[in-house]
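So this one's work34.txt, compact mmCIF, C-alpha atoms and all ligand atoms:
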# COMPACT_ATOMS: atom_id res chain seq x y z
CA MET A 509 0.00 0.00 0.00
CA LYS A 510 1.36 3.40 -1.00
CA ILE A 511 0.02 6.58 0.56
CA TYR A 512 0.59 10.08 -0.76
CA ILE A 513 -0.53 13.07 1.26
CA GLU A 514 -0.86 16.32 -0.63
CA LYS A 515 -1.53 19.76 0.79
CA ASP A 516 -5.01 20.29 -0.62
CA TYR A 517 -7.56 19.20 -3.22
CA ALA A 518 -5.75 20.90 -6.10
CA ALA A 519 -2.45 19.19 -5.29
CA MET A 520 -4.18 15.84 -4.76
CA SER A 521 -5.88 16.14 -8.15
CA LYS A 522 -2.63 17.04 -9.88
CA ARG A 523 -0.76 14.13 -8.34
CA ALA A 524 -3.55 11.70 -9.31
CA ALA A 525 -3.77 13.08 -12.84
CA GLU A 526 -0.02 12.76 -13.34
CA TRP A 527 -0.03 9.24 -11.92
CA VAL A 528 -2.52 8.07 -14.53
CA GLU A 529 -1.03 10.18 -17.35
CA HIS A 530 2.31 8.49 -16.76
CA ALA A 531 0.63 5.07 -16.97
CA ILE A 532 -1.18 6.04 -20.19
CA ARG A 533 2.05 7.21 -21.81
CA SER A 534 3.66 3.88 -20.95
CA ASN A 535 0.63 1.95 -22.21
CA PRO A 536 -1.62 3.95 -24.56
CA GLN A 537 -4.07 1.02 -24.63
CA LEU A 538 -4.71 1.05 -20.92
CA VAL A 539 -8.04 -0.17 -19.55
CA LEU A 540 -9.18 2.39 -17.00
CA GLY A 541 -11.80 1.95 -14.31
CA LEU A 542 -13.41 5.33 -13.71
CA ALA A 543 -15.45 6.83 -10.89
CA THR A 544 -18.04 9.55 -10.52
CA GLY A 545 -18.56 11.92 -7.59
CA SER A 546 -16.95 15.26 -6.82
CA THR A 547 -13.55 13.87 -5.88
CA PRO A 548 -12.17 12.88 -9.32
CA LEU A 549 -13.34 16.08 -11.04
CA GLY A 550 -10.07 17.96 -10.49
CA MET A 551 -8.13 15.03 -11.95
CA TYR A 552 -10.46 14.91 -14.95
CA ARG A 553 -9.89 18.63 -15.54
CA HIS A 554 -6.14 18.01 -15.67
CA TRP A 555 -6.61 15.25 -18.23
CA ILE A 556 -8.83 17.52 -20.34
CA GLN A 557 -6.12 20.21 -20.30
CA SER A 558 -3.41 17.72 -21.23
CA VAL A 559 -5.47 16.41 -24.15
CA ALA A 560 -6.11 20.00 -25.32
CA ALA A 561 -2.39 20.72 -25.04
CA GLY A 562 -1.63 17.64 -27.16
CA THR A 563 0.44 15.94 -24.46
CA LEU A 564 -2.03 13.14 -23.69
CA SER A 565 -4.36 10.97 -25.75
CA PHE A 566 -7.19 8.63 -24.79
CA LYS A 567 -7.61 7.46 -28.38
CA ASN A 568 -6.83 3.84 -27.58
CA ILE A 569 -8.06 3.82 -23.98
CA THR A 570 -10.99 1.66 -22.90
CA SER A 571 -12.94 2.74 -19.83
CA PHE A 572 -15.35 1.04 -17.45
CA ASN A 573 -17.25 3.07 -14.90
CA LEU A 574 -17.98 1.64 -11.51
CA ASP A 575 -21.66 2.23 -11.15
CA GLU A 576 -24.98 3.70 -12.23
CA TYR A 577 -28.31 4.46 -10.57
CA LEU A 578 -31.01 1.93 -11.26
CA GLY A 579 -34.01 3.39 -13.05
CA LEU A 580 -32.19 6.33 -14.67
CA SER A 581 -31.70 6.33 -18.43
CA ALA A 582 -28.34 7.38 -19.87
CA ALA A 583 -29.95 10.67 -20.92
CA HIS A 584 -31.20 11.52 -17.42
CA PRO A 585 -29.39 14.65 -16.17
CA SER A 586 -28.41 12.93 -12.90
CA SER A 587 -27.28 9.64 -14.44
CA TYR A 588 -23.64 8.72 -14.06
CA ARG A 589 -23.43 8.21 -17.85
CA MET A 590 -24.44 11.85 -18.29
CA PHE A 591 -22.00 12.94 -15.59
CA MET A 592 -19.13 11.20 -17.38
CA GLU A 593 -20.17 12.55 -20.78
CA GLU A 594 -20.25 16.11 -19.49
CA GLN A 595 -17.29 16.05 -17.14
CA LEU A 596 -14.88 14.00 -19.23
CA PHE A 597 -15.77 11.96 -22.30
CA ARG A 598 -16.99 14.79 -24.55
CA GLN A 599 -13.92 16.85 -23.72
CA ILE A 600 -11.26 14.27 -24.52
CA ASP A 601 -10.43 12.17 -27.57
CA ILE A 602 -11.67 8.84 -26.21
CA ASP A 603 -13.60 6.64 -28.67
CA PRO A 604 -17.22 6.78 -27.37
CA SER A 605 -17.70 3.10 -28.22
CA GLN A 606 -14.86 2.27 -25.83
CA THR A 607 -16.52 3.94 -22.83
CA HIS A 608 -18.67 1.73 -20.64
CA VAL A 609 -21.04 2.68 -17.85
CA PRO A 610 -23.51 0.14 -16.46
CA ASN A 611 -26.98 0.63 -17.90
CA GLY A 612 -29.38 1.67 -15.16
CA ASP A 613 -32.38 1.38 -17.38
CA MET A 614 -32.58 -2.28 -18.34
CA GLU A 615 -35.15 -4.97 -17.68
CA HIS A 616 -32.92 -7.97 -17.19
CA THR A 617 -30.51 -6.69 -14.59
CA GLU A 618 -28.82 -10.01 -13.91
CA ASP A 619 -28.05 -10.55 -17.62
CA HIS A 620 -26.73 -7.01 -17.89
CA CYS A 621 -24.45 -7.47 -14.89
CA ARG A 622 -22.99 -10.68 -16.33
CA GLU A 623 -22.49 -8.92 -19.69
CA TYR A 624 -20.66 -6.04 -17.97
CA ASP A 625 -18.30 -8.49 -16.27
CA ARG A 626 -17.80 -10.29 -19.59
CA LEU A 627 -16.90 -7.01 -21.34
CA ILE A 628 -14.32 -6.22 -18.67
CA GLU A 629 -12.81 -9.65 -19.08
CA GLN A 630 -12.84 -9.38 -22.86
CA ALA A 631 -10.94 -6.08 -22.60
CA GLY A 632 -8.23 -7.94 -20.68
CA GLY A 633 -9.27 -6.73 -17.21
CA ILE A 634 -8.86 -3.31 -15.63
CA ASP A 635 -5.31 -1.95 -15.43
CA ILE A 636 -6.00 1.00 -13.12
CA GLN A 637 -9.18 1.39 -11.13
CA ILE A 638 -9.85 4.92 -9.84
CA LEU A 639 -11.91 5.06 -6.66
CA GLY A 640 -13.48 7.70 -4.49
CA ILE A 641 -14.67 6.70 -1.06
CA GLY A 642 -18.04 7.26 0.57
CA GLU A 643 -18.29 8.76 4.06
CA ASN A 644 -19.45 5.33 5.26
CA GLY A 645 -16.51 3.61 3.56
CA HIS A 646 -18.38 2.52 0.45
CA ILE A 647 -16.50 2.10 -2.81
CA GLY A 648 -18.42 2.18 -6.07
CA PHE A 649 -21.84 1.61 -4.59
CA ASN A 650 -20.72 -1.29 -2.44
CA GLU A 651 -22.36 -0.36 0.84
CA PRO A 652 -21.37 -1.63 4.30
CA GLY A 653 -22.21 -5.32 4.60
CA GLU A 654 -21.47 -6.17 0.95
CA ASP A 655 -19.90 -9.55 0.28
CA PHE A 656 -16.25 -9.19 -0.79
CA GLY A 657 -16.72 -11.95 -3.38
CA ARG A 658 -19.27 -10.29 -5.65
CA LEU A 659 -18.93 -9.13 -9.24
CA THR A 660 -21.27 -6.56 -10.85
CA HIS A 661 -24.67 -6.59 -9.15
CA VAL A 662 -27.64 -4.55 -8.01
CA VAL A 663 -27.49 -2.93 -4.57
CA ARG A 664 -29.90 -1.14 -2.32
CA LEU A 665 -28.47 2.28 -1.42
CA SER A 666 -28.16 3.16 2.25
CA ASP A 667 -30.13 6.11 3.58
CA SER A 668 -26.92 7.96 4.32
CA THR A 669 -25.59 7.52 0.76
CA ARG A 670 -28.91 8.71 -0.68
CA ARG A 671 -28.80 11.75 1.59
CA VAL A 672 -25.19 12.62 0.69
CA ASN A 673 -25.88 12.15 -3.04
CA SER A 674 -29.13 14.12 -2.99
CA ARG A 675 -27.02 17.18 -3.83
CA PHE A 676 -27.01 15.94 -7.43
CA PHE A 677 -30.83 15.81 -7.53
CA ASN A 678 -33.62 18.31 -6.91
CA THR A 679 -35.01 16.45 -3.91
CA LEU A 680 -34.09 13.46 -1.74
CA LYS A 681 -37.15 11.62 -3.07
CA GLU A 682 -35.72 11.72 -6.58
CA VAL A 683 -32.56 9.84 -5.56
CA PRO A 684 -32.96 6.23 -6.74
CA THR A 685 -33.15 3.60 -4.04
CA HIS A 686 -31.01 1.09 -5.97
CA ALA A 687 -27.93 1.07 -8.19
CA VAL A 688 -25.86 -1.27 -10.34
CA THR A 689 -22.26 -1.45 -9.22
CA MET A 690 -19.12 -3.36 -9.97
CA GLY A 691 -18.60 -5.57 -6.97
CA LEU A 692 -15.67 -5.62 -4.59
CA LYS A 693 -14.29 -8.59 -6.50
CA ASN A 694 -14.16 -6.55 -9.74
CA ILE A 695 -12.30 -3.84 -7.85
CA MET A 696 -9.88 -6.33 -6.30
CA ASN A 697 -9.30 -7.88 -9.74
CA ALA A 698 -7.95 -4.58 -11.10
CA ARG A 699 -4.17 -4.69 -11.50
CA GLN A 700 -3.81 -1.40 -9.63
CA VAL A 701 -6.28 0.59 -7.52
CA VAL A 702 -5.89 4.35 -6.99
CA VAL A 703 -8.07 5.78 -4.22
CA LEU A 704 -8.65 9.54 -4.01
CA ALA A 705 -10.01 11.25 -0.91
CA SER A 706 -10.28 14.89 0.01
CA GLY A 707 -11.67 16.75 2.99
CA ASP A 708 -12.16 15.95 6.66
CA LYS A 709 -15.55 14.35 5.98
CA LYS A 710 -13.61 11.45 4.48
CA SER A 711 -11.00 11.23 7.24
CA ARG A 712 -12.81 8.60 9.31
CA ALA A 713 -13.45 6.34 6.32
CA VAL A 714 -9.81 6.75 5.22
CA GLU A 715 -8.50 5.94 8.70
CA GLN A 716 -10.67 2.82 8.95
CA ALA A 717 -9.90 1.72 5.41
CA LEU A 718 -6.16 1.95 5.98
CA LEU A 719 -5.79 0.98 9.62
CA GLY A 720 -9.00 -0.68 10.73
CA LYS A 721 -9.97 -4.31 10.66
CA VAL A 722 -10.63 -5.79 7.21
CA THR A 723 -14.37 -6.17 7.45
CA GLU A 724 -17.40 -6.14 5.21
CA HIS A 725 -18.80 -3.41 7.47
CA LEU A 726 -16.24 -1.05 5.90
CA PRO A 727 -16.05 -2.04 2.21
CA ALA A 728 -12.90 0.01 1.51
CA SER A 729 -10.98 -2.01 4.13
CA VAL A 730 -10.77 -4.86 1.59
CA LEU A 731 -8.15 -2.76 -0.22
CA GLN A 732 -5.65 -3.67 2.51
CA LEU A 733 -5.57 -7.06 0.78
CA HIS A 734 -4.84 -5.61 -2.68
CA PRO A 735 -1.25 -6.12 -3.86
CA ASP A 736 -1.00 -2.74 -5.61
CA CYS A 737 -3.14 -0.04 -4.04
CA VAL A 738 -2.29 3.66 -3.87
CA PHE A 739 -4.10 6.19 -1.69
CA ILE A 740 -3.75 9.83 -2.79
CA LEU A 741 -5.12 12.04 -0.02
CA ASP A 742 -5.17 15.67 0.90
CA GLU A 743 -4.14 16.70 4.40
CA ALA A 744 -7.72 17.04 5.60
CA ALA A 745 -8.61 13.50 4.55
CA ALA A 746 -5.41 12.26 6.18
CA CYS A 747 -5.90 14.19 9.43
CA ARG A 748 -6.83 11.14 11.52
CA LEU A 749 -3.83 9.08 10.47
CA PRO A 750 -1.32 8.73 13.30
CA ASP A 751 2.04 10.45 12.94
CA GLU A 752 3.95 7.20 12.54
CA VAL A 753 1.85 6.44 9.45
CA LYS A 754 2.13 9.98 8.11
CA HIS A 755 5.89 9.94 8.50
CA ASN A 756 6.21 6.76 6.52
CA VAL A 757 4.34 7.96 3.49
CA GLU A 758 5.49 9.78 0.45
CA MET A 759 4.79 13.40 1.25
CA ALA A 760 4.67 15.63 -1.75
CA ARG A 761 5.39 19.16 -0.68
C1 LIG A 801 -20.82 7.99 -4.75
C2 LIG A 801 -20.25 7.08 -5.84
C3 LIG A 801 -18.87 6.62 -5.50
C4 LIG A 801 -18.06 7.81 -5.03
C5 LIG A 801 -18.59 8.28 -3.70
C6 LIG A 801 -17.90 9.52 -3.17
O1 LIG A 801 -21.88 7.43 -4.06
N1 LIG A 801 -21.06 5.97 -6.17
O2 LIG A 801 -18.29 5.99 -6.62
O3 LIG A 801 -16.73 7.47 -4.89
O4 LIG A 801 -19.97 8.48 -3.75
O5 LIG A 801 -18.34 10.67 -3.83
P1 LIG A 801 -17.66 12.08 -3.72
O6 LIG A 801 -16.39 11.99 -4.47
O7 LIG A 801 -18.63 13.03 -4.36
O8 LIG A 801 -17.46 12.37 -2.28
Would you mind writing the file's structure down as structure tokens?
Amino acid sequence: MKIYIEKDYAAMSKRAAEWVEHAIRSNPQLVLGLATGSTPLGMYRHWIQSVAAGTLSFKNITSFNLDEYLGLSAAHPSSYRMFMEEQLFRQIDIDPSQTHVPNGDMEHTEDHCREYDRLIEQAGGIDIQILGIGENGHIGFNEPGEDFGRLTHVVRLSDSTRRVNSRFFNTLKEVPTHAVTMGLKNIMNARQVVVLASGDKKSRAVEQALLGKVTEHLPASVLQLHPDCVFILDEAAACRLPDEVKHNVEMAR
């Protein structure tokens, strides 16, 4: 496990962007696992700038997003597909047919989940999986209590996740009650996992993920078992980590 602690959100985003850019330059055909939420936005903005400057290309990149709300079509303004289109895909040179987000608007959910897993496998697996972390330690939409062994599946969202995510909707009632998410097994299957966290609201989840017991009650704790996992934090998200941990990490100031 590698931990980087950066001064603030901007520095965290830059470090994360450069990390992935370096990997893309070494392997322009990388398979990227992408995440939604506020946290990766700064990193996405860096990528957009690099593509505009001609120093980075996603032309041969394949992407798989972690999750999608159940019941929202791709065209819904609060769908994760729409989020990715607006915040990243339409602003870079990625081939639209190589971008994948689970479909939240399908009848046969089980078939769709198996197909999503099959597509990931067919692409050769995920090289780098980007993750944010929920305040309750969820990753993707794998809520506390999720089985570590699951692939893509439908989940019931916790009340707290729906409340936190209601900022992307007009009212709490509009937030779907269920979602499709890659499972913790998909995440663990990625060759490398890069977790981003910013702000003191995430500090408890970060502390438990890194130093707590590996337990299904805190889904992100499973990452302690991953052979190549990198946490890129800002100081606020790292504020609960004890000094001996902080002193052993790669500080970037
Ligand atoms: C959402 C997403 C996660 C994301 C998390 C944190 O529920 N499903 O993939 O990592 O919440 O979001 P944010 O980065 O906005 O704090």
To one decimal place, how far is atom CA of A:Ala746 from atom CA of A:Pro727 in Å?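 Between atom CA of A:Ala746 and atom CA of A:Pro727 the gap is 18.3 Å.
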Proximity to A:Phe591 - best of A:Ala631, A:Leu749, A:Ile569, A:Leu542, all atoms listed in the file: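 Closest to A:Phe591, using all atoms listed in the file: A:Leu542.
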Report as JSON lines: every residue of stretch 655-721 of chain A with an atom at most 8 Å from stretch 543-556 of chain A, its closest pair of atoms, and their distance in Å to one decimal, counting only C-alpha atoms, with rows sorted by chain and ascending residue number.
{"residue": "A:Leu704", "atom": "CA", "partner": "A:Thr547", "partner_atom": "CA", "distance": 6.8}
{"residue": "A:Ala705", "atom": "CA", "partner": "A:Thr547", "partner_atom": "CA", "distance": 6.6}
{"residue": "A:Ser706", "atom": "CA", "partner": "A:Thr547", "partner_atom": "CA", "distance": 6.8}
Need to verify the contact set: A:Tyr624, 7 Å, only C-alpha atoms, exclusion of same-chain residues closer than 4 positions in sequence. Can you return it as a PyMOL selection string? chain A and resi 610+620+628
At most 10 Å from ligand LIG 801 (chain A) (all atoms listed in the file): residue list as a PyMOL selection string: chain A and resi 542-549+573-577+588+638-651+665-666+668-676+687-690+703-707+709-710
From the coordinates supplied, stretch 571-596 of chain A should be written with N, CA, C and O atoms, as a PDB file, in the first residue's frame.
ATOM      1  N   SER A 571     -12.580   2.412 -21.212  1.00  0.00           N
ATOM      2  CA  SER A 571     -12.944   2.742 -19.832  1.00  0.00           C
ATOM      3  C   SER A 571     -14.181   1.977 -19.376  1.00  0.00           C
ATOM      4  O   SER A 571     -15.073   1.672 -20.175  1.00  0.00           O
ATOM      5  N   PHE A 572     -14.191   1.677 -18.093  1.00  0.00           N
ATOM      6  CA  PHE A 572     -15.353   1.038 -17.453  1.00  0.00           C
ATOM      7  C   PHE A 572     -15.671   1.829 -16.195  1.00  0.00           C
ATOM      8  O   PHE A 572     -14.817   1.936 -15.307  1.00  0.00           O
ATOM      9  N   ASN A 573     -16.869   2.377 -16.137  1.00  0.00           N
ATOM     10  CA  ASN A 573     -17.254   3.065 -14.903  1.00  0.00           C
ATOM     11  C   ASN A 573     -17.755   2.073 -13.859  1.00  0.00           C
ATOM     12  O   ASN A 573     -18.253   1.002 -14.183  1.00  0.00           O
ATOM     13  N   LEU A 574     -17.626   2.505 -12.623  1.00  0.00           N
ATOM     14  CA  LEU A 574     -17.975   1.637 -11.506  1.00  0.00           C
ATOM     15  C   LEU A 574     -19.458   1.355 -11.368  1.00  0.00           C
ATOM     16  O   LEU A 574     -19.859   0.254 -11.020  1.00  0.00           O
ATOM     17  N   ASP A 575     -20.276   2.396 -11.603  1.00  0.00           N
ATOM     18  CA  ASP A 575     -21.658   2.229 -11.152  1.00  0.00           C
ATOM     19  C   ASP A 575     -22.639   3.151 -11.866  1.00  0.00           C
ATOM     20  O   ASP A 575     -22.237   4.072 -12.596  1.00  0.00           O
ATOM     21  N   GLU A 576     -23.899   2.886 -11.651  1.00  0.00           N
ATOM     22  CA  GLU A 576     -24.984   3.698 -12.231  1.00  0.00           C
ATOM     23  C   GLU A 576     -26.237   3.519 -11.380  1.00  0.00           C
ATOM     24  O   GLU A 576     -26.446   2.454 -10.779  1.00  0.00           O
ATOM     25  N   TYR A 577     -27.033   4.568 -11.299  1.00  0.00           N
ATOM     26  CA  TYR A 577     -28.305   4.461 -10.572  1.00  0.00           C
ATOM     27  C   TYR A 577     -29.278   3.582 -11.351  1.00  0.00           C
ATOM     28  O   TYR A 577     -29.382   3.709 -12.586  1.00  0.00           O
ATOM     29  N   LEU A 578     -29.993   2.763 -10.627  1.00  0.00           N
ATOM     30  CA  LEU A 578     -31.013   1.926 -11.263  1.00  0.00           C
ATOM     31  C   LEU A 578     -32.262   2.772 -11.511  1.00  0.00           C
ATOM     32  O   LEU A 578     -32.698   3.523 -10.625  1.00  0.00           O
ATOM     33  N   GLY A 579     -32.777   2.661 -12.727  1.00  0.00           N
ATOM     34  CA  GLY A 579     -34.009   3.390 -13.050  1.00  0.00           C
ATOM     35  C   GLY A 579     -33.748   4.699 -13.784  1.00  0.00           C
ATOM     36  O   GLY A 579     -34.684   5.352 -14.231  1.00  0.00           O
ATOM     37  N   LEU A 580     -32.478   5.107 -13.910  1.00  0.00           N
ATOM     38  CA  LEU A 580     -32.190   6.329 -14.671  1.00  0.00           C
ATOM     39  C   LEU A 580     -31.662   5.943 -16.055  1.00  0.00           C
ATOM     40  O   LEU A 580     -30.765   5.111 -16.169  1.00  0.00           O
ATOM     41  N   SER A 581     -32.215   6.587 -17.081  1.00  0.00           N
ATOM     42  CA  SER A 581     -31.697   6.325 -18.425  1.00  0.00           C
ATOM     43  C   SER A 581     -30.386   7.083 -18.587  1.00  0.00           C
ATOM     44  O   SER A 581     -30.095   8.007 -17.810  1.00  0.00           O
ATOM     45  N   ALA A 582     -29.626   6.708 -19.622  1.00  0.00           N
ATOM     46  CA  ALA A 582     -28.338   7.377 -19.868  1.00  0.00           C
ATOM     47  C   ALA A 582     -28.542   8.882 -20.068  1.00  0.00           C
ATOM     48  O   ALA A 582     -27.678   9.690 -19.720  1.00  0.00           O
ATOM     49  N   ALA A 583     -29.706   9.257 -20.606  1.00  0.00           N
ATOM     50  CA  ALA A 583     -29.951  10.671 -20.920  1.00  0.00           C
ATOM     51  C   ALA A 583     -30.443  11.473 -19.715  1.00  0.00           C
ATOM     52  O   ALA A 583     -30.576  12.700 -19.789  1.00  0.00           O
ATOM     53  N   HIS A 584     -30.709  10.790 -18.596  1.00  0.00           N
ATOM     54  CA  HIS A 584     -31.202  11.519 -17.419  1.00  0.00           C
ATOM     55  C   HIS A 584     -30.095  12.454 -16.909  1.00  0.00           C
ATOM     56  O   HIS A 584     -28.934  12.043 -16.809  1.00  0.00           O
ATOM     57  N   PRO A 585     -30.441  13.707 -16.579  1.00  0.00           N
ATOM     58  CA  PRO A 585     -29.389  14.655 -16.168  1.00  0.00           C
ATOM     59  C   PRO A 585     -28.593  14.223 -14.939  1.00  0.00           C
ATOM     60  O   PRO A 585     -27.450  14.646 -14.777  1.00  0.00           O
ATOM     61  N   SER A 586     -29.157  13.361 -14.095  1.00  0.00           N
ATOM     62  CA  SER A 586     -28.411  12.932 -12.902  1.00  0.00           C
ATOM     63  C   SER A 586     -27.798  11.543 -13.057  1.00  0.00           C
ATOM     64  O   SER A 586     -27.263  10.992 -12.079  1.00  0.00           O
ATOM     65  N   SER A 587     -27.889  10.971 -14.279  1.00  0.00           N
ATOM     66  CA  SER A 587     -27.278   9.638 -14.443  1.00  0.00           C
ATOM     67  C   SER A 587     -25.757   9.775 -14.445  1.00  0.00           C
ATOM     68  O   SER A 587     -25.197  10.821 -14.785  1.00  0.00           O
ATOM     69  N   TYR A 588     -25.104   8.702 -14.065  1.00  0.00           N
ATOM     70  CA  TYR A 588     -23.640   8.725 -14.060  1.00  0.00           C
ATOM     71  C   TYR A 588     -23.099   8.734 -15.494  1.00  0.00           C
ATOM     72  O   TYR A 588     -22.014   9.260 -15.756  1.00  0.00           O
ATOM     73  N   ARG A 589     -23.856   8.136 -16.441  1.00  0.00           N
ATOM     74  CA  ARG A 589     -23.430   8.212 -17.846  1.00  0.00           C
ATOM     75  C   ARG A 589     -23.360   9.680 -18.269  1.00  0.00           C
ATOM     76  O   ARG A 589     -22.392  10.127 -18.862  1.00  0.00           O
ATOM     77  N   MET A 590     -24.417  10.441 -17.913  1.00  0.00           N
ATOM     78  CA  MET A 590     -24.442  11.855 -18.293  1.00  0.00           C
ATOM     79  C   MET A 590     -23.303  12.623 -17.610  1.00  0.00           C
ATOM     80  O   MET A 590     -22.643  13.459 -18.222  1.00  0.00           O
ATOM     81  N   PHE A 591     -23.090  12.312 -16.346  1.00  0.00           N
ATOM     82  CA  PHE A 591     -21.996  12.936 -15.591  1.00  0.00           C
ATOM     83  C   PHE A 591     -20.665  12.726 -16.316  1.00  0.00           C
ATOM     84  O   PHE A 591     -19.893  13.667 -16.535  1.00  0.00           O
ATOM     85  N   MET A 592     -20.406  11.499 -16.722  1.00  0.00           N
ATOM     86  CA  MET A 592     -19.133  11.196 -17.384  1.00  0.00           C
ATOM     87  C   MET A 592     -19.032  11.862 -18.745  1.00  0.00           C
ATOM     88  O   MET A 592     -17.963  12.353 -19.129  1.00  0.00           O
ATOM     89  N   GLU A 593     -20.169  11.894 -19.469  1.00  0.00           N
ATOM     90  CA  GLU A 593     -20.173  12.554 -20.781  1.00  0.00           C
ATOM     91  C   GLU A 593     -19.795  14.022 -20.616  1.00  0.00           C
ATOM     92  O   GLU A 593     -18.955  14.551 -21.343  1.00  0.00           O
ATOM     93  N   GLU A 594     -20.458  14.670 -19.647  1.00  0.00           N
ATOM     94  CA  GLU A 594     -20.250  16.112 -19.487  1.00  0.00           C
ATOM     95  C   GLU A 594     -18.895  16.454 -18.879  1.00  0.00           C
ATOM     96  O   GLU A 594     -18.249  17.411 -19.281  1.00  0.00           O
ATOM     97  N   GLN A 595     -18.503  15.682 -17.875  1.00  0.00           N
ATOM     98  CA  GLN A 595     -17.290  16.045 -17.136  1.00  0.00           C
ATOM     99  C   GLN A 595     -16.002  15.551 -17.782  1.00  0.00           C
ATOM    100  O   GLN A 595     -14.932  16.043 -17.473  1.00  0.00           O
ATOM    101  N   LEU A 596     -16.122  14.534 -18.660  1.00  0.00           N
ATOM    102  CA  LEU A 596     -14.882  13.997 -19.230  1.00  0.00           C
ATOM    103  C   LEU A 596     -14.996  13.589 -20.693  1.00  0.00           C
ATOM    104  O   LEU A 596     -14.330  14.176 -21.558  1.00  0.00           O
TER     105      LEU A 596
END
